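Chemist: Provided herewith: target_33.txt, compact mmCIF, C-alpha atoms and all ligand atoms.
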# COMPACT_ATOMS: atom_id res chain seq x y z
CA MET Q 16 -13.92 -62.83 -19.39
CA SER Q 17 -14.87 -59.73 -21.28
CA MET Q 18 -14.70 -56.38 -19.58
CA ARG Q 19 -17.97 -54.88 -18.43
CA VAL Q 20 -18.60 -51.32 -19.56
CA LEU Q 21 -21.47 -49.22 -18.23
CA LEU Q 22 -22.42 -46.46 -20.67
CA VAL Q 23 -24.41 -43.64 -19.05
CA GLU Q 24 -25.71 -41.46 -21.89
CA ASP Q 25 -29.19 -40.06 -22.51
CA ASP Q 26 -28.51 -38.98 -26.09
CA ARG Q 27 -29.41 -41.99 -28.24
CA THR Q 28 -27.66 -40.60 -31.31
CA ILE Q 29 -24.42 -40.83 -29.35
CA ALA Q 30 -25.22 -43.95 -27.36
CA GLU Q 31 -26.43 -46.32 -30.07
CA PRO Q 32 -23.40 -46.23 -32.39
CA LEU Q 33 -21.13 -46.26 -29.34
CA VAL Q 34 -22.76 -49.37 -27.91
CA ARG Q 35 -22.31 -51.11 -31.28
CA ALA Q 36 -18.66 -50.01 -31.50
CA LEU Q 37 -17.90 -51.20 -27.96
CA ARG Q 38 -19.57 -54.56 -28.56
CA ARG Q 39 -17.49 -54.99 -31.72
CA GLU Q 40 -14.46 -54.53 -29.45
CA ASP Q 41 -15.74 -57.40 -27.30
CA PHE Q 42 -16.79 -55.28 -24.36
CA ASP Q 43 -19.82 -56.42 -22.41
CA VAL Q 44 -21.91 -53.21 -22.56
CA VAL Q 45 -24.73 -52.10 -20.28
CA HIS Q 46 -26.45 -48.88 -21.41
CA VAL Q 47 -28.50 -46.65 -19.12
CA THR Q 48 -29.85 -43.15 -19.71
CA THR Q 49 -30.12 -41.68 -16.22
CA GLY Q 50 -27.87 -41.10 -13.22
CA SER Q 51 -30.03 -43.09 -10.85
CA ALA Q 52 -30.05 -46.07 -13.25
CA ALA Q 53 -26.25 -45.79 -13.43
CA LEU Q 54 -25.93 -46.02 -9.66
CA ASP Q 55 -28.20 -49.07 -9.66
CA ALA Q 56 -26.29 -50.80 -12.48
CA ALA Q 57 -22.71 -50.19 -11.36
CA GLN Q 58 -22.25 -53.44 -9.45
CA ASP Q 59 -19.68 -55.73 -11.17
CA ILE Q 60 -18.80 -53.08 -13.74
CA ASP Q 61 -15.15 -52.53 -14.71
CA VAL Q 62 -15.39 -49.13 -16.34
CA VAL Q 63 -18.10 -46.46 -16.50
CA LEU Q 64 -18.42 -44.05 -19.43
CA LEU Q 65 -20.26 -41.17 -17.86
CA ASP Q 66 -22.03 -38.33 -19.66
CA LEU Q 67 -22.26 -35.27 -17.40
CA GLY Q 68 -25.48 -33.82 -18.84
CA LEU Q 69 -28.06 -36.32 -17.59
CA PRO Q 70 -31.82 -35.75 -17.30
CA ASP Q 71 -32.20 -36.57 -13.61
CA MET Q 72 -28.91 -35.80 -11.82
CA ASP Q 73 -25.75 -33.78 -12.35
CA GLY Q 74 -23.10 -36.15 -13.75
CA LEU Q 75 -20.61 -34.79 -11.21
CA ILE Q 76 -22.79 -36.08 -8.40
CA VAL Q 77 -23.11 -39.43 -10.17
CA CYS Q 78 -19.32 -39.58 -10.50
CA ARG Q 79 -18.81 -38.88 -6.81
CA GLU Q 80 -21.45 -41.42 -5.78
CA LEU Q 81 -20.06 -44.14 -8.07
CA ARG Q 82 -16.63 -43.60 -6.61
CA ALA Q 83 -17.89 -43.66 -3.04
CA ARG Q 84 -19.87 -46.87 -3.53
CA HIS Q 85 -17.57 -48.84 -5.85
CA SER Q 86 -13.98 -47.83 -5.25
CA HIS Q 87 -12.54 -50.37 -7.70
CA LEU Q 88 -14.32 -49.33 -10.87
CA ALA Q 89 -12.81 -46.87 -13.31
CA VAL Q 90 -14.74 -43.79 -14.42
CA ILE Q 91 -14.16 -42.07 -17.76
CA VAL Q 92 -16.18 -38.89 -18.06
CA VAL Q 93 -17.56 -38.03 -21.47
CA THR Q 94 -18.21 -34.33 -21.46
CA ALA Q 95 -19.05 -31.36 -23.64
CA ARG Q 96 -17.66 -29.11 -20.89
CA ALA Q 97 -13.95 -28.61 -21.40
CA GLY Q 98 -13.09 -25.81 -18.98
CA GLU Q 99 -10.14 -26.04 -16.62
CA MET Q 100 -12.39 -25.79 -13.55
CA ASP Q 101 -14.36 -28.80 -14.70
CA ARG Q 102 -11.21 -30.77 -15.25
CA VAL Q 103 -9.91 -30.15 -11.75
CA THR Q 104 -13.38 -30.86 -10.36
CA LEU Q 105 -13.52 -34.15 -12.26
CA LEU Q 106 -10.21 -35.30 -10.87
CA GLU Q 107 -11.20 -34.34 -7.36
CA LEU Q 108 -14.43 -36.27 -7.74
CA GLY Q 109 -12.47 -39.35 -8.72
CA ALA Q 110 -12.70 -39.58 -12.52
CA ASP Q 111 -9.80 -41.56 -13.97
CA ASP Q 112 -9.84 -39.88 -17.34
CA TYR Q 113 -12.15 -37.89 -19.58
CA VAL Q 114 -12.90 -37.32 -23.23
CA VAL Q 115 -14.43 -34.17 -24.68
CA LYS Q 116 -17.32 -34.38 -27.15
CA PRO Q 117 -17.09 -34.81 -30.06
CA PHE Q 118 -14.65 -37.68 -29.74
CA GLY Q 119 -13.53 -40.53 -31.97
CA GLN Q 120 -14.62 -44.04 -31.09
CA ARG Q 121 -11.10 -45.33 -31.52
CA GLU Q 122 -9.81 -42.70 -29.12
CA LEU Q 123 -12.40 -43.69 -26.55
CA VAL Q 124 -11.63 -47.40 -26.91
CA ALA Q 125 -7.92 -46.63 -26.45
CA ARG Q 126 -8.72 -44.71 -23.27
CA ILE Q 127 -10.83 -47.57 -21.93
CA ARG Q 128 -8.09 -50.09 -22.63
CA ALA Q 129 -5.47 -47.85 -21.00
CA VAL Q 130 -7.58 -47.44 -17.86
CA LEU Q 131 -8.27 -51.18 -17.67
CA ARG Q 132 -4.60 -52.01 -18.25
CA ARG Q 133 -3.65 -49.88 -15.28
CA THR Q 134 -6.36 -51.40 -13.10
CA ARG Q 135 -5.40 -54.93 -14.09
CA SER Q 136 -1.63 -54.57 -13.80
CA ALA Q 137 -2.14 -53.08 -10.35
CA GLU Q 138 -4.12 -56.17 -9.42
CA GLU Q 139 -1.48 -58.69 -10.44
CA PRO Q 140 -0.49 -60.46 -7.25
CA LYS Q 141 3.26 -60.39 -7.80
CA GLN Q 142 3.87 -57.45 -5.45
CA ILE Q 143 4.43 -57.48 -1.73
CA PRO Q 144 0.90 -58.21 -0.47
CA VAL Q 145 0.90 -55.73 2.41
CA ILE Q 146 2.94 -52.56 2.86
CA GLU Q 147 2.95 -50.98 6.31
CA LEU Q 148 3.94 -47.36 6.85
CA GLY Q 149 3.32 -46.63 10.50
CA PRO Q 150 -0.48 -46.57 10.94
CA ILE Q 151 -1.04 -46.78 7.17
CA GLN Q 152 -1.47 -50.28 5.82
CA ILE Q 153 -1.77 -51.04 2.10
CA ASP Q 154 -3.18 -54.43 1.17
CA GLN Q 155 -2.19 -54.73 -2.48
CA ARG Q 156 -4.13 -57.90 -3.18
CA ALA Q 157 -7.39 -56.30 -2.08
CA ARG Q 158 -6.35 -52.73 -3.07
CA VAL Q 159 -7.46 -51.64 0.38
CA VAL Q 160 -5.77 -48.90 2.40
CA THR Q 161 -6.38 -48.47 6.11
CA ASN Q 162 -5.27 -45.88 8.66
CA SER Q 163 -5.07 -47.46 12.12
CA GLY Q 164 -7.54 -50.06 10.86
CA THR Q 165 -10.03 -47.55 9.41
CA PRO Q 166 -10.53 -47.84 5.61
CA VAL Q 167 -9.24 -44.90 3.57
CA HIS Q 168 -11.30 -44.49 0.39
CA LEU Q 169 -8.93 -43.68 -2.45
CA THR Q 170 -9.61 -43.34 -6.15
CA PRO Q 171 -7.69 -45.78 -8.40
CA LYS Q 172 -5.25 -43.00 -9.31
CA GLU Q 173 -4.66 -41.98 -5.70
CA TYR Q 174 -4.12 -45.63 -4.81
CA ASP Q 175 -1.63 -46.18 -7.66
CA LEU Q 176 0.18 -43.01 -6.63
CA LEU Q 177 0.46 -44.16 -3.02
CA VAL Q 178 1.65 -47.65 -3.98
CA LEU Q 179 4.28 -46.25 -6.35
CA LEU Q 180 5.74 -44.13 -3.55
CA ALA Q 181 5.23 -46.71 -0.80
CA SER Q 182 6.82 -49.60 -2.71
CA ASP Q 183 10.22 -48.04 -2.02
CA PRO Q 184 10.02 -45.89 1.11
CA GLY Q 185 12.61 -43.13 1.24
CA ALA Q 186 13.23 -43.22 -2.52
CA VAL Q 187 12.41 -40.03 -4.41
CA ARG Q 188 10.08 -40.46 -7.38
CA THR Q 189 10.38 -37.66 -9.88
CA ARG Q 190 7.30 -35.92 -11.20
CA ASP Q 191 7.99 -37.27 -14.71
CA GLU Q 192 8.36 -40.78 -13.41
CA ILE Q 193 5.09 -40.56 -11.49
CA LEU Q 194 3.18 -39.14 -14.46
CA ARG Q 195 4.58 -41.90 -16.67
CA GLU Q 196 3.81 -44.72 -14.24
CA VAL Q 197 0.44 -43.63 -12.86
CA TRP Q 198 -0.93 -41.81 -15.89
CA ASP Q 199 0.03 -42.71 -19.44
CA GLU Q 200 0.69 -41.31 -22.87
CA HIS Q 201 -3.02 -40.69 -23.45
CA TRP Q 202 -3.17 -38.25 -20.56
CA PHE Q 203 -2.34 -34.85 -22.01
CA GLY Q 204 -2.92 -32.85 -18.87
CA SER Q 205 -0.24 -30.78 -17.21
CA SER Q 206 1.60 -31.96 -14.13
CA LYS Q 207 -0.92 -29.88 -12.17
CA THR Q 208 -2.99 -33.06 -12.39
CA LEU Q 209 -0.43 -34.74 -10.16
CA ASP Q 210 -0.67 -31.96 -7.57
CA VAL Q 211 -4.46 -32.23 -7.47
CA HIS Q 212 -4.25 -35.96 -6.79
CA MET Q 213 -1.42 -35.55 -4.30
CA THR Q 214 -3.40 -32.95 -2.32
CA SER Q 215 -6.41 -35.23 -2.21
CA LEU Q 216 -4.31 -38.29 -1.29
CA ARG Q 217 -2.63 -36.46 1.56
CA ARG Q 218 -5.93 -35.17 2.88
CA LYS Q 219 -7.45 -38.64 2.86
CA LEU Q 220 -4.44 -40.32 4.47
CA ASP Q 221 -4.42 -37.71 7.25
CA GLN Q 222 -0.71 -38.32 7.94
CA PRO Q 223 0.89 -34.93 7.26
CA ASP Q 224 4.49 -36.18 7.36
CA LEU Q 225 4.05 -39.38 5.36
CA ILE Q 226 4.51 -37.99 1.84
CA GLU Q 227 7.25 -35.44 1.54
CA THR Q 228 7.58 -32.98 -1.34
CA VAL Q 229 11.14 -32.84 -2.64
CA ARG Q 230 11.11 -29.35 -4.06
CA GLY Q 231 11.74 -29.15 -7.78
CA VAL Q 232 12.15 -32.93 -8.07
CA GLY Q 233 9.21 -34.98 -6.90
CA PHE Q 234 7.93 -36.85 -3.87
CA ARG Q 235 8.90 -39.56 -1.44
CA VAL Q 236 7.32 -41.52 1.35
CA ASN Q 237 9.02 -40.91 4.65
CA ILE Q 238 10.00 -43.97 6.59
CA PRO Q 239 8.05 -43.92 9.85
CA ASP Q 240 10.10 -43.63 13.05
CA ASP Q 241 9.60 -47.23 14.12
CA ALA Q 242 10.68 -48.75 10.79
CA PRO Q 243 14.30 -49.52 9.90
CA ILE Q 244 16.22 -46.66 8.33
CA ALA Q 245 19.06 -46.83 5.81
CA GLY Q 246 22.15 -48.23 7.53
CA ASP Q 247 20.25 -50.39 10.00
CA PRO Q 248 21.32 -54.02 10.04
CA PRO Q 249 19.08 -55.69 7.43
CA ALA Q 250 18.96 -59.06 9.21
CA VAL Q 251 16.09 -58.18 11.57
CA GLU Q 252 12.67 -59.16 10.27
CA ARG Q 253 10.05 -56.63 11.21
CA PRO Q 254 6.55 -56.08 9.92
CA GLY Q 255 6.69 -53.47 7.23
CA SER Q 256 10.40 -53.85 6.61
CA SER Q 257 10.11 -56.15 3.60
CA GLY Q 258 9.20 -53.36 1.18
CA ARG Q 259 12.65 -51.85 1.46
CA ASP Q 260 14.95 -54.71 0.71
CA SER Q 261 12.95 -56.92 -1.66
CA GLN Q 262 11.85 -54.24 -4.11
CA PRO Q 263 14.74 -52.90 -6.14
CA PRO Q 264 14.21 -49.41 -7.58
CA ARG Q 265 13.00 -49.51 -11.15
CA CA I 1 -26.54 -35.78 -22.17
As structure tokens, please, write out the structure in this file.

Modeler:
Amino acid sequence: MSMRVLLVEDDRTIAEPLVRALRREDFDVVHVTTGSAALDAAQDIDVVLLDLGLPDMDGLIVCRELRARHSHLAVIVVTARAGEMDRVTLLELGADDYVVKPFGQRELVARIRAVLRRTRSAEEPKQIPVIELGPIQIDQRARVVTNSGTPVHLTPKEYDLLVLLASDPGAVRTRDEILREVWDEHWFGSSKTLDVHMTSLRRKLDQPDLIETVRGVGFRVNIPDDAPIAGDPPAVERPGSSGRDSQPPR
């Protein structure tokens, strides 16, 4: 099954060669020229290439709306705005990556493949299906996070970040390790990126003690009070305990 790409770009001189290039790469491409058409066309799309300067809506609003309505799709922003404020704003609005105009088609294709690789590998059903951390439940097969049964809407990056930490509660993940695992070599941003996502993740989870900052090192998920702690007899089967013993640290 080829991957479905939604290109949102009103400038035909950019869009037309890009559509041809993406089709040559075997992507199934849908091209729209407005923000409202993008919102209508986003169903069943794997990755959105989103121009920010659209005729009908601010691309930032489109990005936020896409993310709110379709939490599983990836958004790569294609922008002529390269300022630091925009970058932080983009991450907060849920973009997975961005490229600055003018960009090379090969670079863009590499970014798309990297984003899709991350989405797909996270979907492989080899992991523990459900991780429970007190009131927080992570269903890895559905990529759904709930807090006391209420869905928590995370971006793909925030989700990957949470799963990385939650797959081995109590273990410290270093900042470098997190950047390597959740982002990749194409992401050239500083580790401030990580802090932006961490702040947003913590706010959405609404569990102030769940993710602990280990100063100067990284982060870890705290084991909730009712879960087994290191040194407990491992024989007792309890919901949420499987993540500790069956997942060796990588
Ligand atoms: Ca434009």

Chemist: Calculated over all atoms listed in the file, which of the candidates Q:Leu65, Q:Ala129, Q:Met18, Q:Val229 has the smallest distance to Val92 (chain Q)?

Modeler: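 Going through Q:Leu65, Q:Ala129, Q:Met18, Q:Val229 one by one, the smallest distance to Val92 (chain Q) is for Q:Leu65.
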
Chemist: For Ala186 (chain Q), work out the shell of residues within 9 Å, counting only C-alpha atoms and skipping chain neighbours fewer than 5 positions away, then give it as a PyMOL selection string.

Modeler: chain Q and resi 180-181+234-237+264

Chemist: Determine, for each residue of chain Q having at least one atom at most 7 Å from an atom of ligand CA 1 (chain I), the closest pair of atoms and their separation in Å to one decimal, counting all atoms listed in the file; order by chain and ascending number, as JSON lines.

Modeler:
{"residue": "Q:Glu24", "atom": "CA", "partner": "I:CA1", "partner_atom": "CA", "distance": 5.7}
{"residue": "Q:Asp25", "atom": "CA", "partner": "I:CA1", "partner_atom": "CA", "distance": 5.0}
{"residue": "Q:Asp26", "atom": "CA", "partner": "I:CA1", "partner_atom": "CA", "distance": 5.4}
{"residue": "Q:Asp66", "atom": "CA", "partner": "I:CA1", "partner_atom": "CA", "distance": 5.8}
{"residue": "Q:Leu67", "atom": "CA", "partner": "I:CA1", "partner_atom": "CA", "distance": 6.4}
{"residue": "Q:Gly68", "atom": "CA", "partner": "I:CA1", "partner_atom": "CA", "distance": 4.0}
{"residue": "Q:Leu69", "atom": "CA", "partner": "I:CA1", "partner_atom": "CA", "distance": 4.9}

Chemist: Mind pulling up the distance from CA of Leu179 (chain Q) to CA of His85 (chain Q)?

Modeler: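 Result for CA of His85 (chain Q) versus CA of Leu179 (chain Q): 22.0 Å, one decimal.
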
Chemist: The residues within 9 Å of (-20.8, -38.7, -30.0), using all atoms listed in the file and the coordinates of the file, should be reported as a list in words; which are they?

Modeler: Asp26, Thr28, Ile29, Ala30, Pro32, Leu33, Lys116, Pro117, Phe118, Gly119 and Gln120 of chain Q

Chemist: In Å to one decimal, how far is CA of Lys219 (chain Q) from CA of Val160 (chain Q)?

Modeler: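 Computed distance, CA of Val160 (chain Q) to CA of Lys219 (chain Q), equals 10.4 Å.
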
Chemist: I'd like to know which of Q:Ala53, Q:Met72, Q:Val114, Q:Leu88 is closest to Arg126 (chain Q), using all atoms listed in the file.

Modeler: Q:Val114

Chemist: For the atom pair CA of Ala57 (chain Q) and CA of Ser163 (chain Q), what is the interatomic distance in Å to one decimal place?

Modeler: 29.5 Å

Chemist: Find the residues around Asp61 (chain Q) up to 10 Å (all atoms listed in the file counted), leave out those fewer than 2 positions away in its own chain, and share them as a count of residues only.

Modeler: 19

Chemist: Could you list, as number ranges by chain, every residue within 12 Å of Glu192 (chain Q), counting all atoms listed in the file and ignoring same-chain residues fewer than 4 positions away?

Modeler: Q: 176, 179-180, 187-188, 196-199, 206, 209, 232-234, 264-265

Chemist: Those residues you just picked out, can you put them in a file as a CSV table (one decimal), in the frame of the given file with C-alpha atoms?

Modeler:
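And here is the file that came out, out-v1.csv:
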chain,number,residue,atom,x,y,z
Q,176,LEU,CA,0.2,-43.0,-6.6
Q,179,LEU,CA,4.3,-46.2,-6.4
Q,180,LEU,CA,5.7,-44.1,-3.6
Q,187,VAL,CA,12.4,-40.0,-4.4
Q,188,ARG,CA,10.1,-40.5,-7.4
Q,196,GLU,CA,3.8,-44.7,-14.2
Q,197,VAL,CA,0.4,-43.6,-12.9
Q,198,TRP,CA,-0.9,-41.8,-15.9
Q,199,ASP,CA,0.0,-42.7,-19.4
Q,206,SER,CA,1.6,-32.0,-14.1
Q,209,LEU,CA,-0.4,-34.7,-10.2
Q,232,VAL,CA,12.2,-32.9,-8.1
Q,233,GLY,CA,9.2,-35.0,-6.9
Q,234,PHE,CA,7.9,-36.8,-3.9
Q,264,PRO,CA,14.2,-49.4,-7.6
Q,265,ARG,CA,13.0,-49.5,-11.2

Chemist: Counting only C-alpha atoms, which of Q:Glu31, Q:Asp112, Q:Asp154, Q:Asp224 gets nearest to Lys172 (chain Q)?

Modeler: Q:Asp112

Chemist: Given the choices Q:Leu105, Q:Val62, Q:Leu169, Q:Met213, which gets closest to Leu225 (chain Q) if the distance is worked out from only C-alpha atoms?

Modeler: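 Looking at the shortest contact to Leu225 (chain Q), the residue is Q:Met213.
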
Chemist: For a quick check of understanding, using all atoms listed in the file, which of Q:Gly50, Q:Pro144, Q:Pro171, Q:Pro150 has the smallest distance to Pro70 (chain Q)?

Modeler: Q:Gly50

Chemist: Out of Q:Val34, Q:Ile238, Q:Val47, Q:Ile76, which residue has the shortest atom-to-atom distance to Asp183 (chain Q) when counting only C-alpha atoms?

Modeler: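 Counting only C-alpha atoms, the residue closest to Asp183 (chain Q) is Q:Ile238.
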
Chemist: Applying 10 Å and all atoms listed in the file, which residues near His168 (chain Q) remain after dropping the ones on its own chain fewer than 4 positions away? List them as a list in words.

Modeler: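 Everything that qualifies: Arg82, Ala83, Arg84, His85, Ser86, Val159, Val160, Thr161, Glu173, Tyr174, Leu216, Lys219 and Leu220 of chain Q.
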
Chemist: From the coordinates I just gave you, please extract region 39-50 of chain Q so that only all heavy atoms remain, then output it as a PDB file, in the first residue's frame.

Modeler:
ATOM      1  N   ARG Q  39       6.681  10.050  -8.535  1.00  0.00           N
ATOM      2  CA  ARG Q  39       7.815   9.209  -8.969  1.00  0.00           C
ATOM      3  C   ARG Q  39       8.326   8.350  -7.814  1.00  0.00           C
ATOM      4  O   ARG Q  39       8.838   7.262  -8.022  1.00  0.00           O
ATOM      5  CB  ARG Q  39       8.964  10.088  -9.481  1.00  0.00           C
ATOM      6  CG  ARG Q  39       8.892  10.417 -10.957  1.00  0.00           C
ATOM      7  CD  ARG Q  39      10.250  10.865 -11.505  1.00  0.00           C
ATOM      8  NE  ARG Q  39      10.847  11.969 -10.759  1.00  0.00           N
ATOM      9  CZ  ARG Q  39      10.561  13.260 -10.975  1.00  0.00           C
ATOM     10  NH1 ARG Q  39       9.696  13.606 -11.899  1.00  0.00           N
ATOM     11  NH2 ARG Q  39      11.154  14.195 -10.261  1.00  0.00           N
ATOM     12  N   GLU Q  40       8.217   8.867  -6.603  1.00  0.00           N
ATOM     13  CA  GLU Q  40       8.670   8.129  -5.412  1.00  0.00           C
ATOM     14  C   GLU Q  40       7.595   7.171  -4.896  1.00  0.00           C
ATOM     15  O   GLU Q  40       7.696   6.652  -3.794  1.00  0.00           O
ATOM     16  CB  GLU Q  40       9.043   9.112  -4.296  1.00  0.00           C
ATOM     17  CG  GLU Q  40      10.190  10.043  -4.628  1.00  0.00           C
ATOM     18  CD  GLU Q  40      11.542   9.343  -4.556  1.00  0.00           C
ATOM     19  OE1 GLU Q  40      11.651   8.335  -3.837  1.00  0.00           O
ATOM     20  OE2 GLU Q  40      12.477   9.796  -5.239  1.00  0.00           O
ATOM     21  N   ASP Q  41       6.541   6.997  -5.695  1.00  0.00           N
ATOM     22  CA  ASP Q  41       5.475   6.048  -5.366  1.00  0.00           C
ATOM     23  C   ASP Q  41       4.561   6.486  -4.230  1.00  0.00           C
ATOM     24  O   ASP Q  41       3.879   5.659  -3.624  1.00  0.00           O
ATOM     25  CB  ASP Q  41       6.034   4.656  -5.031  1.00  0.00           C
ATOM     26  CG  ASP Q  41       6.235   3.845  -6.298  1.00  0.00           C
ATOM     27  OD1 ASP Q  41       5.613   4.214  -7.326  1.00  0.00           O
ATOM     28  OD2 ASP Q  41       6.996   2.869  -6.268  1.00  0.00           O
ATOM     29  N   PHE Q  42       4.557   7.784  -3.933  1.00  0.00           N
ATOM     30  CA  PHE Q  42       3.570   8.262  -2.975  1.00  0.00           C
ATOM     31  C   PHE Q  42       2.250   8.487  -3.703  1.00  0.00           C
ATOM     32  O   PHE Q  42       2.231   8.850  -4.880  1.00  0.00           O
ATOM     33  CB  PHE Q  42       4.006   9.580  -2.320  1.00  0.00           C
ATOM     34  CG  PHE Q  42       5.192   9.442  -1.420  1.00  0.00           C
ATOM     35  CD1 PHE Q  42       6.425  10.000  -1.761  1.00  0.00           C
ATOM     36  CD2 PHE Q  42       5.091   8.756  -0.216  1.00  0.00           C
ATOM     37  CE1 PHE Q  42       7.523   9.882  -0.927  1.00  0.00           C
ATOM     38  CE2 PHE Q  42       6.179   8.631   0.619  1.00  0.00           C
ATOM     39  CZ  PHE Q  42       7.400   9.191   0.271  1.00  0.00           C
ATOM     40  N   ASP Q  43       1.165   8.266  -2.976  1.00  0.00           N
ATOM     41  CA  ASP Q  43      -0.165   8.539  -3.483  1.00  0.00           C
ATOM     42  C   ASP Q  43      -0.464   9.988  -3.071  1.00  0.00           C
ATOM     43  O   ASP Q  43      -0.639  10.271  -1.894  1.00  0.00           O
ATOM     44  CB  ASP Q  43      -1.121   7.537  -2.807  1.00  0.00           C
ATOM     45  CG  ASP Q  43      -2.507   7.583  -3.399  1.00  0.00           C
ATOM     46  OD1 ASP Q  43      -2.768   8.468  -4.230  1.00  0.00           O
ATOM     47  OD2 ASP Q  43      -3.317   6.733  -2.999  1.00  0.00           O
ATOM     48  N   VAL Q  44      -0.477  10.928  -4.040  1.00  0.00           N
ATOM     49  CA  VAL Q  44      -0.502  12.351  -3.701  1.00  0.00           C
ATOM     50  C   VAL Q  44      -1.873  12.973  -3.957  1.00  0.00           C
ATOM     51  O   VAL Q  44      -2.453  12.806  -5.029  1.00  0.00           O
ATOM     52  CB  VAL Q  44       0.548  13.148  -4.517  1.00  0.00           C
ATOM     53  CG1 VAL Q  44       0.610  14.603  -4.031  1.00  0.00           C
ATOM     54  CG2 VAL Q  44       1.912  12.495  -4.408  1.00  0.00           C
ATOM     55  N   VAL Q  45      -2.365  13.686  -2.962  1.00  0.00           N
ATOM     56  CA  VAL Q  45      -3.558  14.507  -3.114  1.00  0.00           C
ATOM     57  C   VAL Q  45      -3.098  15.953  -2.979  1.00  0.00           C
ATOM     58  O   VAL Q  45      -2.398  16.294  -2.023  1.00  0.00           O
ATOM     59  CB  VAL Q  45      -4.597  14.193  -2.007  1.00  0.00           C
ATOM     60  CG1 VAL Q  45      -5.814  15.093  -2.149  1.00  0.00           C
ATOM     61  CG2 VAL Q  45      -5.004  12.725  -2.042  1.00  0.00           C
ATOM     62  N   HIS Q  46      -3.455  16.810  -3.942  1.00  0.00           N
ATOM     63  CA  HIS Q  46      -3.015  18.206  -3.891  1.00  0.00           C
ATOM     64  C   HIS Q  46      -4.218  19.126  -3.711  1.00  0.00           C
ATOM     65  O   HIS Q  46      -5.186  19.049  -4.463  1.00  0.00           O
ATOM     66  CB  HIS Q  46      -2.259  18.558  -5.180  1.00  0.00           C
ATOM     67  CG  HIS Q  46      -1.918  20.013  -5.271  1.00  0.00           C
ATOM     68  ND1 HIS Q  46      -1.954  20.730  -6.449  1.00  0.00           N
ATOM     69  CD2 HIS Q  46      -1.548  20.904  -4.311  1.00  0.00           C
ATOM     70  CE1 HIS Q  46      -1.615  21.985  -6.224  1.00  0.00           C
ATOM     71  NE2 HIS Q  46      -1.370  22.130  -4.929  1.00  0.00           N
ATOM     72  N   VAL Q  47      -4.159  19.979  -2.707  1.00  0.00           N
ATOM     73  CA  VAL Q  47      -5.178  21.008  -2.513  1.00  0.00           C
ATOM     74  C   VAL Q  47      -4.479  22.352  -2.359  1.00  0.00           C
ATOM     75  O   VAL Q  47      -3.281  22.412  -2.083  1.00  0.00           O
ATOM     76  CB  VAL Q  47      -6.068  20.726  -1.273  1.00  0.00           C
ATOM     77  CG1 VAL Q  47      -6.852  19.427  -1.433  1.00  0.00           C
ATOM     78  CG2 VAL Q  47      -5.241  20.701   0.003  1.00  0.00           C
ATOM     79  N   THR Q  48      -5.239  23.438  -2.561  1.00  0.00           N
ATOM     80  CA  THR Q  48      -4.616  24.763  -2.574  1.00  0.00           C
ATOM     81  C   THR Q  48      -5.106  25.668  -1.442  1.00  0.00           C
ATOM     82  O   THR Q  48      -4.659  26.802  -1.330  1.00  0.00           O
ATOM     83  CB  THR Q  48      -4.907  25.473  -3.916  1.00  0.00           C
ATOM     84  OG1 THR Q  48      -6.327  25.521  -4.086  1.00  0.00           O
ATOM     85  CG2 THR Q  48      -4.279  24.732  -5.076  1.00  0.00           C
ATOM     86  N   THR Q  49      -6.023  25.174  -0.632  1.00  0.00           N
ATOM     87  CA  THR Q  49      -6.530  26.012   0.461  1.00  0.00           C
ATOM     88  C   THR Q  49      -6.530  25.228   1.775  1.00  0.00           C
ATOM     89  O   THR Q  49      -6.514  23.995   1.781  1.00  0.00           O
ATOM     90  CB  THR Q  49      -7.983  26.476   0.201  1.00  0.00           C
ATOM     91  OG1 THR Q  49      -8.836  25.329   0.182  1.00  0.00           O
ATOM     92  CG2 THR Q  49      -8.101  27.245  -1.093  1.00  0.00           C
ATOM     93  N   GLY Q  50      -6.604  25.977   2.876  1.00  0.00           N
ATOM     94  CA  GLY Q  50      -6.649  25.357   4.192  1.00  0.00           C
ATOM     95  C   GLY Q  50      -7.936  24.589   4.414  1.00  0.00           C
ATOM     96  O   GLY Q  50      -7.926  23.485   4.971  1.00  0.00           O
TER      97      GLY Q  50
END
